[in-house]
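Accompanying notes for the structure given below.
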Amino acid sequence: MSGYWTGIVAILCFNIVVAYSVFLPAAAGQLNLGAAGFVAIGAYTSGYLSTDVGLAMWLTIPIAALATGAVAFLISFPMLRTRGVYMVLATLAFAEIVQGIYINLEIFGAAAGYPVAAFAELDIIAPITIVVILFVVFLMATRFGLSMRAVHDDERVASLFGVNTRMTKVAAFTLGGVIAGIGGAIWAHQFNYVEIQHFNILLSTFVLLYVLIGGTQTPYGPLVGAVFFTLLPEFLRVSNEWRFVIFGVIIVLMMVVRPEGLVTRTLVERFYGLFWRRGRTAVADR
Amino acid sequence: MTDSVLSFQAVSKNFSGLRVVDEVSFDVARGSRTALIGPNGAGKTTVFNLISGVYPIDDGKILLDGVDITRLPDRERINMGISRSFQNIRLMPHLSAIENVMLGQHARARKLGSLLFPLGWLPGNRWASEAADALAQAGLGTYPGEVVANLPYGVQKRIEVVRAMMSDPKVLMLDEPAAGLNEKETGELQLLLEGASRRGVTLLVVEHDMQFVRSLCDHVVVLNFGKKIFEGPSSEVHRDPGVLEAYLGSEAVGDAA
Amino acid sequence: MLILQQLISGLMIGGIYVMVAVAFTLTIGMLNFLNFTIPALFMLSGMVAWGLTTVGVHWALALLGGVATATFASLIVERFTYRYMRVRYGDATEHALPLVSSLGFLIIFEHLVLVILGSDPQRFPTPFTSADFHIGKLIIGIPQLVSLVLALVIVWGLSIMLKRTRVGRALRSIAENPDAATLMGVSVNYIVPIVFVITGLMAGIAGMLFTLNYADINAYMGDNVAAKAIAGMVIGGLGNIWGAIAGGLIVGLTEVMAIHFFGADIVKIPIWGLLLLILLVRPSGLFGHTAIGKGKF
């Protein structure tokens with residue numbers, strides 16, 4: 001694989017991982033427009049552990065993930081008080097504050113950026129990404145995943161059926177944070193440099209868009225969304241700015257034509273139906 | 001006093017100064033089939049909301065099997081044995097029929113192992129089989145994988161009942177389960193509920209369909225403007241003057257006379 | 001004295017934030033959606049006006065052209081976002097649909113401007129730069145004062161319109177209960193675009209005033225204003241127009257004070273911090289919000 005495409009695949013892995021970090025809270029009804037904040041925490045943590053502490057990547061990445069998860073856990077409780085547009089604004093505020101803090105911290109290089117010692121090849125990044133994908137697909141297939149989706153659809157009724165909606169949302173938000181930390185670590189070890197300017201609202205916006213355009217009904221949506229938005233520019237041989245204009249147009253058209261996202265439940269059911277005729281829906285043949 | 005599984009004692013509830021439930025007391029005998037009826041706005045759904053814990057009460061007590069559940073959070077009440085359906089369909093619109101029914105099992109699946117068991121990957125697993133069987137027994141076996149938002153009204157209504165039954169409740173509260181159902185569907189619903197009753201589940205049903213109430217329920221509580229105006233056997237309700245006055249002119253009591 | 005001067009600067013810039021904050025709060029209150037295109041409309045007004053002057057259009061006409069562009073763009077957004085919002089009180093992600101569309105439009109407008117007009121910051125040829133008057137040692141820029149007063153008058157006019165006119169009543173009835181409004185004969189398809197027109201006008205005029213007063217414009221000026229306008233809206237209470245006025249001014253003051261005491265790099269933190277604090281502690285804002293979304297039970 002040429003160096004160029006290796007770079008694209010690495011970016012794709014990053015996009016997939018951060019998409020899932022936003023998907024998990026979204027699946028439980030929590031819209032997160034602050035992905036960049038969590039990713040930044042993951043990136044700086046793993047970078048610092050690598051450069052200043054000298055730890056190897058098999059340590060920096062998990063520790064960064066847990067650290068980000070811890071922050072997400074703490075934030076998730078006040079976030080419980082917010083809903084809908086309020087939560088979007090609160091998560092956005094969080095990310096902006098994180099950005100504001102990091103840009104002033106000399107220990108992390110402030111505005112100039114922070115170099116990261118260890119480099120991660122694709123043969124590290126790709127398996128990590130696959131593990132994240134499998135984990136989320138697994139989680140959504142469990143009863144916990146079912147309760148997440150119940151909370152998304154109707155929190156009040158879910159509670160009446162015994163679902164601990166608070167803890168479900170905290171768990172979804174925290175796990176999202178852990179995964180965002182992994183994403184940040186991937187970024188840090190792939191580019192060997194962390195600049196806070198990259199972790200901005202545009203990044204948060206695009207990550208949320210991968211998820212909403214990919215589809216929140218199934219765990220395959222964010223994967224499709226990330227792939228779509230990462231590979232699309234490769235097929236649009238136009239200038240950087242025009243690519244964004246086209247992105248914007250696609251986003252608007254998608255919301256008009258297919259607001260539920262590219263991948264829907266029904267689509268996945270049909271897909272399984274094709275080569276798994278005795279699957280879930282075959283319970284009907286009784 | 002017969003063994004009362006649910007005791008509603010002098011309960012009052014205000015909404016913005018309006019007394020929606022006014023010192024209502026009634027008992028639901030274990031194993032009985034009790035109807036909660038009254039004209040629109042009488043407070044019946046509010047009573048359900050108070051019992052299931054959607055709203056806190058302002059005064060009074062609610063006892064389930066002798067245990068005071070008045071302060072218990074809504075999430076815990078299903079563990080105590082209360083389950084319900086809703087006047088307007090409150091299924092999870094993006095979930096399939098079988099998934100909605102499996103939500104009803106949630107209260108029974110509390111161990112961490114159950115929570116993390118990959119239901120979606122093993123089609124024959126016990127939870128899915130149980131849910132699928134329940135749907136099949138209710139005559140809804142052709143729909144399990146279908147997203148409920150796509151299903152007809154009558155089917156959705158009955159899926160809600162199946163979902164409520166899945167938690168193995170002591171008291172099954174149903175809010176207008178027959179509303180909008182055609183004759184065949186109403187008959188199937190009745191069979192379903194009679195089956196539950198035979199298994200020992202106590203039924204508490206809010207309904208306007210008087211024929212349904214008369215054929216299913218043995219005991220009736222009547223509310224009007226937030227106050228209880230009658231409690232007794234269903235054979236006597238249409239003779240009570242207070243009830244007649246509340247429903248005066250209404251076809252519902254008229255056809256009983 | 002210096003503090004007082006800063007306070008005045010804060011109020012002046014606050015006046016501009018007020019208009020954008022009101023645009024946000026109006027859309028949220030009336031239509032239950034957070035319109036992220038508004039900062040782009042603000043930017044369009046300024047950049048298009050500048051672009052027009054480079055092809056020889058007189059500055060006053062250019063400014064009007066800018067405002068017109070912003071208003072027209074707002075109508076395009078209405079056509080392709082709100083009109084398609086079939087679910088009004090949907091679940092968590094369905095709520096996000098118009099927001100996502102508005103983000104899409106933000107991306108489109110911002111990058112169209114980047115392509116056509118470039119990313120370099122520009123100076124608008126304003127004729128007013130040094131007209132100011134003095135009270136003791138305080139300097140008050142006349143164009144800024146006029147802008148502040150103009151902004152307040154426009155917003156006051158808007159609130160009068162909402163209270164007293166038929167259109168205003170129709171708008172408020174749609175905000176309360178869109179289905180009932182339709183039943184009562186309010187033509188939703190005709191009235192809703194009016195909200196977008198007002199939004200476009202307010203954002204456009206704010207952009208125009210900003211350009212006139214501060215003359216430094218670039219393709220990213222919308223992003224800068226967005227944070228402050230949203231903070232102003234939240235502080236004042238979502239849907240509350242008078243609250244947005246107070247909120248916008250408070251944010252302007254906070255910004256100027258933060259820069260004065262701590263330097264420009266840190267300004268994000270107090271503004272977003274204030275917003276987050278309000279959202280968590282008193283989400284209805286300092287002055288209370290109009291009900292957004294109705295309950296289901």
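Ligands are numbered from 1 in the order shown, residues from 1 within each chain, and chains are lettered A, B, ... in the order they appear in the structure tokens.
Every protein or nucleic acid residue with an atom no more than 9 Å from Ser50 in chain A, counting only C-alpha atoms and leaving out same-chain residues fewer than 4 positions away, appears here: Thr45, Ser46, Gly54, Leu55, Ala56, Met57, Leu59, Thr60, Val116, Ala117, Ala118 and His189 of chain A.
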For chain C, which residues have at least one atom within 8 Å of chain A, if we go by only C-alpha atoms? Write them as a ChimeraX atom specification, please.
-> /C:33-34,80-81,84,91-98,100-109,111-112,114-115,265-269,272-273,275-276,279-280,283
Report the distance between CA of Val132 in chain A and CA of Glu234 in chain A in Å, rounded to one decimal place.
-> 24.8 Å
Expected answer as a PyMOL selection string: alpha helix (DSSP H) residues in range 70-218 of chain A = chain A and resi 70-79+84-102+122-141+143-153+155-160+165-191+201-214
Report the closest atom pair, with its distance in Å rounded to one decimal, for each residue of chain B that has an atom no farther than 8 Å from chain A; count only C-alpha atoms, sort by chain and then rising residue number, and write it as JSON lines.
```
{"residue": "B:Ser52", "atom": "CA", "partner": "A:Leu160", "partner_atom": "CA", "distance": 7.2}
{"residue": "B:Gly53", "atom": "CA", "partner": "A:Leu160", "partner_atom": "CA", "distance": 7.9}
{"residue": "B:Val54", "atom": "CA", "partner": "A:Leu160", "partner_atom": "CA", "distance": 7.8}
{"residue": "B:Asp74", "atom": "CA", "partner": "A:Leu160", "partner_atom": "CA", "distance": 5.6}
{"residue": "B:Arg75", "atom": "CA", "partner": "A:Gly162", "partner_atom": "CA", "distance": 4.5}
{"residue": "B:Glu76", "atom": "CA", "partner": "A:Gly162", "partner_atom": "CA", "distance": 6.3}
{"residue": "B:Arg77", "atom": "CA", "partner": "A:Leu160", "partner_atom": "CA", "distance": 7.7}
{"residue": "B:Ile78", "atom": "CA", "partner": "A:Gly162", "partner_atom": "CA", "distance": 6.1}
{"residue": "B:Asn79", "atom": "CA", "partner": "A:Gly162", "partner_atom": "CA", "distance": 7.2}
{"residue": "B:Ser83", "atom": "CA", "partner": "A:Phe161", "partner_atom": "CA", "distance": 7.5}
{"residue": "B:Arg90", "atom": "CA", "partner": "A:Val157", "partner_atom": "CA", "distance": 7.3}
{"residue": "B:Met92", "atom": "CA", "partner": "A:Asp153", "partner_atom": "CA", "distance": 5.4}
{"residue": "B:Pro93", "atom": "CA", "partner": "A:Asp153", "partner_atom": "CA", "distance": 6.7}
{"residue": "B:His94", "atom": "CA", "partner": "A:Asp153", "partner_atom": "CA", "distance": 7.0}
{"residue": "B:Leu95", "atom": "CA", "partner": "A:Arg149", "partner_atom": "CA", "distance": 7.7}
{"residue": "B:Glu99", "atom": "CA", "partner": "A:Leu146", "partner_atom": "CA", "distance": 7.4}
{"residue": "B:Leu103", "atom": "CA", "partner": "A:Phe161", "partner_atom": "CA", "distance": 7.0}
{"residue": "B:Gly104", "atom": "CA", "partner": "A:Phe161", "partner_atom": "CA", "distance": 6.2}
{"residue": "B:His106", "atom": "CA", "partner": "A:Gly162", "partner_atom": "CA", "distance": 6.4}
{"residue": "B:Ala107", "atom": "CA", "partner": "A:Gly162", "partner_atom": "CA", "distance": 5.2}
{"residue": "B:Ser114", "atom": "CA", "partner": "A:Arg143", "partner_atom": "CA", "distance": 7.0}
{"residue": "B:Leu115", "atom": "CA", "partner": "A:Arg143", "partner_atom": "CA", "distance": 4.9}
{"residue": "B:Leu116", "atom": "CA", "partner": "A:Thr142", "partner_atom": "CA", "distance": 5.2}
{"residue": "B:Phe117", "atom": "CA", "partner": "A:Thr142", "partner_atom": "CA", "distance": 5.2}
{"residue": "B:Pro118", "atom": "CA", "partner": "A:Thr142", "partner_atom": "CA", "distance": 4.1}
{"residue": "B:Leu119", "atom": "CA", "partner": "A:Thr142", "partner_atom": "CA", "distance": 5.2}
{"residue": "B:Gly120", "atom": "CA", "partner": "A:Ala141", "partner_atom": "CA", "distance": 4.5}
{"residue": "B:Trp121", "atom": "CA", "partner": "A:Ala141", "partner_atom": "CA", "distance": 6.6}
{"residue": "B:Pro123", "atom": "CA", "partner": "A:Arg280", "partner_atom": "CA", "distance": 5.4}
{"residue": "B:Ala132", "atom": "CA", "partner": "A:Val283", "partner_atom": "CA", "distance": 6.9}
{"residue": "B:Gly141", "atom": "CA", "partner": "A:Ala284", "partner_atom": "CA", "distance": 5.8}
{"residue": "B:Thr142", "atom": "CA", "partner": "A:Ala284", "partner_atom": "CA", "distance": 5.0}
{"residue": "B:Tyr143", "atom": "CA", "partner": "A:Ala284", "partner_atom": "CA", "distance": 6.8}
{"residue": "B:Pro144", "atom": "CA", "partner": "A:Thr281", "partner_atom": "CA", "distance": 6.4}
{"residue": "B:Gly145", "atom": "CA", "partner": "A:Thr281", "partner_atom": "CA", "distance": 4.8}
{"residue": "B:Glu146", "atom": "CA", "partner": "A:Thr281", "partner_atom": "CA", "distance": 7.9}
{"residue": "B:Val147", "atom": "CA", "partner": "A:Thr266", "partner_atom": "CA", "distance": 7.9}
```
Selection to disk with N, CA and C atoms, as a short mmCIF file (atom, residue, chain, number, x, y, z; two decimals), in the first residue's frame:
```cif
data_model
loop_
_atom_site.label_atom_id
_atom_site.label_comp_id
_atom_site.auth_asym_id
_atom_site.auth_seq_id
_atom_site.Cartn_x
_atom_site.Cartn_y
_atom_site.Cartn_z
N SER B 52 -48.03 4.01 39.35
CA SER B 52 -46.77 3.55 38.74
C SER B 52 -45.61 4.48 39.06
N GLY B 53 -45.91 5.64 39.64
CA GLY B 53 -44.81 6.48 40.11
C GLY B 53 -44.39 7.57 39.17
N VAL B 54 -45.19 7.85 38.16
CA VAL B 54 -44.84 8.92 37.23
C VAL B 54 -44.87 10.26 37.93
N ASP B 74 -40.13 5.44 40.50
CA ASP B 74 -40.89 4.69 39.49
C ASP B 74 -40.16 3.44 39.03
N ARG B 75 -38.85 3.56 38.95
CA ARG B 75 -38.04 2.48 38.45
C ARG B 75 -38.14 1.24 39.34
N GLU B 76 -38.38 1.44 40.64
CA GLU B 76 -38.40 0.31 41.56
C GLU B 76 -39.76 -0.37 41.61
N ARG B 77 -40.80 0.36 41.20
CA ARG B 77 -42.14 -0.18 41.39
C ARG B 77 -42.39 -1.41 40.54
N ILE B 78 -41.71 -1.46 39.39
CA ILE B 78 -41.92 -2.64 38.57
C ILE B 78 -41.33 -3.86 39.27
N ASN B 79 -40.27 -3.66 40.02
CA ASN B 79 -39.70 -4.76 40.80
C ASN B 79 -40.67 -5.27 41.85
N SER B 83 -47.03 -3.32 36.73
CA SER B 83 -46.67 -3.12 35.34
C SER B 83 -47.86 -2.49 34.64
N ARG B 90 -47.29 3.90 23.91
CA ARG B 90 -45.95 4.34 24.27
C ARG B 90 -44.95 3.21 24.05
N MET B 92 -41.57 1.82 22.11
CA MET B 92 -40.36 2.48 21.63
C MET B 92 -40.41 2.43 20.10
N PRO B 93 -40.63 3.56 19.45
CA PRO B 93 -40.92 3.51 18.02
C PRO B 93 -39.83 2.92 17.14
N HIS B 94 -38.56 3.07 17.55
CA HIS B 94 -37.51 2.56 16.69
C HIS B 94 -37.13 1.12 16.99
N LEU B 95 -37.71 0.55 18.01
CA LEU B 95 -37.39 -0.84 18.36
C LEU B 95 -38.40 -1.77 17.71
N GLU B 99 -38.25 -6.61 20.49
CA GLU B 99 -37.39 -5.81 21.38
C GLU B 99 -38.21 -5.06 22.41
N LEU B 103 -38.07 -5.50 26.49
CA LEU B 103 -37.90 -4.43 27.47
C LEU B 103 -38.71 -4.75 28.71
N GLY B 104 -39.87 -5.39 28.49
CA GLY B 104 -40.69 -5.77 29.63
C GLY B 104 -39.98 -6.75 30.55
N HIS B 106 -36.92 -6.52 31.35
CA HIS B 106 -35.75 -5.86 31.94
C HIS B 106 -35.70 -5.97 33.45
N ALA B 107 -36.86 -5.81 34.07
CA ALA B 107 -36.89 -5.84 35.54
C ALA B 107 -36.47 -7.20 36.08
N SER B 114 -26.75 -10.84 32.77
CA SER B 114 -27.91 -10.71 31.88
C SER B 114 -27.84 -9.43 31.09
N LEU B 115 -27.33 -8.40 31.74
CA LEU B 115 -27.27 -7.11 31.09
C LEU B 115 -26.32 -7.15 29.90
N LEU B 116 -25.24 -7.92 30.02
CA LEU B 116 -24.23 -7.92 28.97
C LEU B 116 -24.35 -9.12 28.04
N PHE B 117 -25.39 -9.89 28.21
CA PHE B 117 -25.59 -11.06 27.35
C PHE B 117 -26.00 -10.59 25.95
N PRO B 118 -25.29 -11.05 24.92
CA PRO B 118 -25.58 -10.54 23.56
C PRO B 118 -26.86 -11.13 22.98
N LEU B 119 -27.98 -10.55 23.36
CA LEU B 119 -29.27 -11.03 22.91
C LEU B 119 -29.39 -11.08 21.40
N GLY B 120 -28.80 -10.06 20.79
CA GLY B 120 -29.01 -9.91 19.36
C GLY B 120 -28.24 -10.91 18.53
N TRP B 121 -27.29 -11.60 19.14
CA TRP B 121 -26.44 -12.48 18.35
C TRP B 121 -26.86 -13.94 18.39
N PRO B 123 -30.05 -16.07 18.25
CA PRO B 123 -31.51 -16.00 18.03
C PRO B 123 -32.31 -16.92 18.93
N ALA B 132 -40.75 -14.11 22.07
CA ALA B 132 -41.40 -14.54 20.84
C ALA B 132 -42.64 -15.39 21.13
N GLY B 141 -47.69 -13.35 16.44
CA GLY B 141 -46.43 -14.01 16.15
C GLY B 141 -45.82 -13.72 14.79
N THR B 142 -46.53 -13.04 13.91
CA THR B 142 -45.95 -12.81 12.59
C THR B 142 -45.10 -11.56 12.54
N TYR B 143 -45.03 -10.84 13.64
CA TYR B 143 -44.40 -9.52 13.55
C TYR B 143 -43.09 -9.28 14.29
N PRO B 144 -42.45 -10.30 14.89
CA PRO B 144 -41.43 -9.98 15.90
C PRO B 144 -40.33 -9.02 15.45
N GLY B 145 -39.85 -9.18 14.22
CA GLY B 145 -38.69 -8.37 13.84
C GLY B 145 -39.06 -7.00 13.30
N GLU B 146 -40.34 -6.75 13.17
CA GLU B 146 -40.78 -5.52 12.53
C GLU B 146 -40.67 -4.33 13.47
N VAL B 147 -40.16 -3.24 12.99
CA VAL B 147 -40.09 -2.02 13.80
C VAL B 147 -41.51 -1.55 14.09
#
```
Residue neighbourhood Val71 in chain A, 10 Å, only C-alpha atoms, exclusion window fewer than 2 positions, as a PyMOL selection string = chain A and resi 38+41+66-69+73-76+174+177-178
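Distance-wise, CA of Asn35 in chain C and CA of Leu99 in chain C end up 6.1 Å apart.
With only C-alpha atoms as the basis for measurement, B:Phe86 is the residue among B:Ile62, B:Ala97, B:Phe86, B:Asn224 that approaches chain C most closely.
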Within 10 Å of Leu4 in chain C, counting only C-alpha atoms, which residues show up once you throw out same-chain ones fewer than 5 positions away? Write them as number ranges by chain, please.
-> C: 9-10, 137-138
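Near Glu160 in chain B, within 9 Å and counting only C-alpha atoms, sit Arg84, Ser85, Phe86, Ile89, Arg90, Leu91, Asn100, Val101, Val155, Gln156, Ala164, Met165 and Pro177 of chain B, not including residues fewer than 4 positions from it in the same chain.
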Selection export as a CSV table (one decimal), in the first residue's frame, atoms kept: C-alpha atoms:
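Done, and the output landed in again_17.csv:
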```csv
chain,number,residue,atom,x,y,z
B,84,ARG,CA,-48.7,-1.0,33.0
B,85,SER,CA,-49.8,-0.1,29.5
B,86,PHE,CA,-50.6,3.4,28.3
B,89,ILE,CA,-49.3,4.0,22.6
B,90,ARG,CA,-46.0,4.3,24.3
B,91,LEU,CA,-44.0,1.7,22.5
B,100,ASN,CA,-40.2,-3.8,22.9
B,101,VAL,CA,-41.5,-7.0,24.6
B,155,VAL,CA,-51.2,-4.6,16.7
B,156,GLN,CA,-49.2,-2.0,18.6
B,164,ALA,CA,-46.5,-5.1,30.3
B,165,MET,CA,-47.1,-8.8,31.0
B,177,PRO,CA,-56.3,-1.5,26.2
```
Spatial neighbours of Ser215 in chain B, 12 Å, only C-alpha atoms, chain gap at least 2 places, as an MDAnalysis selection string = chainID B and resid 33:35 186:187 190:191 193:194 209:213 217:219 234:235
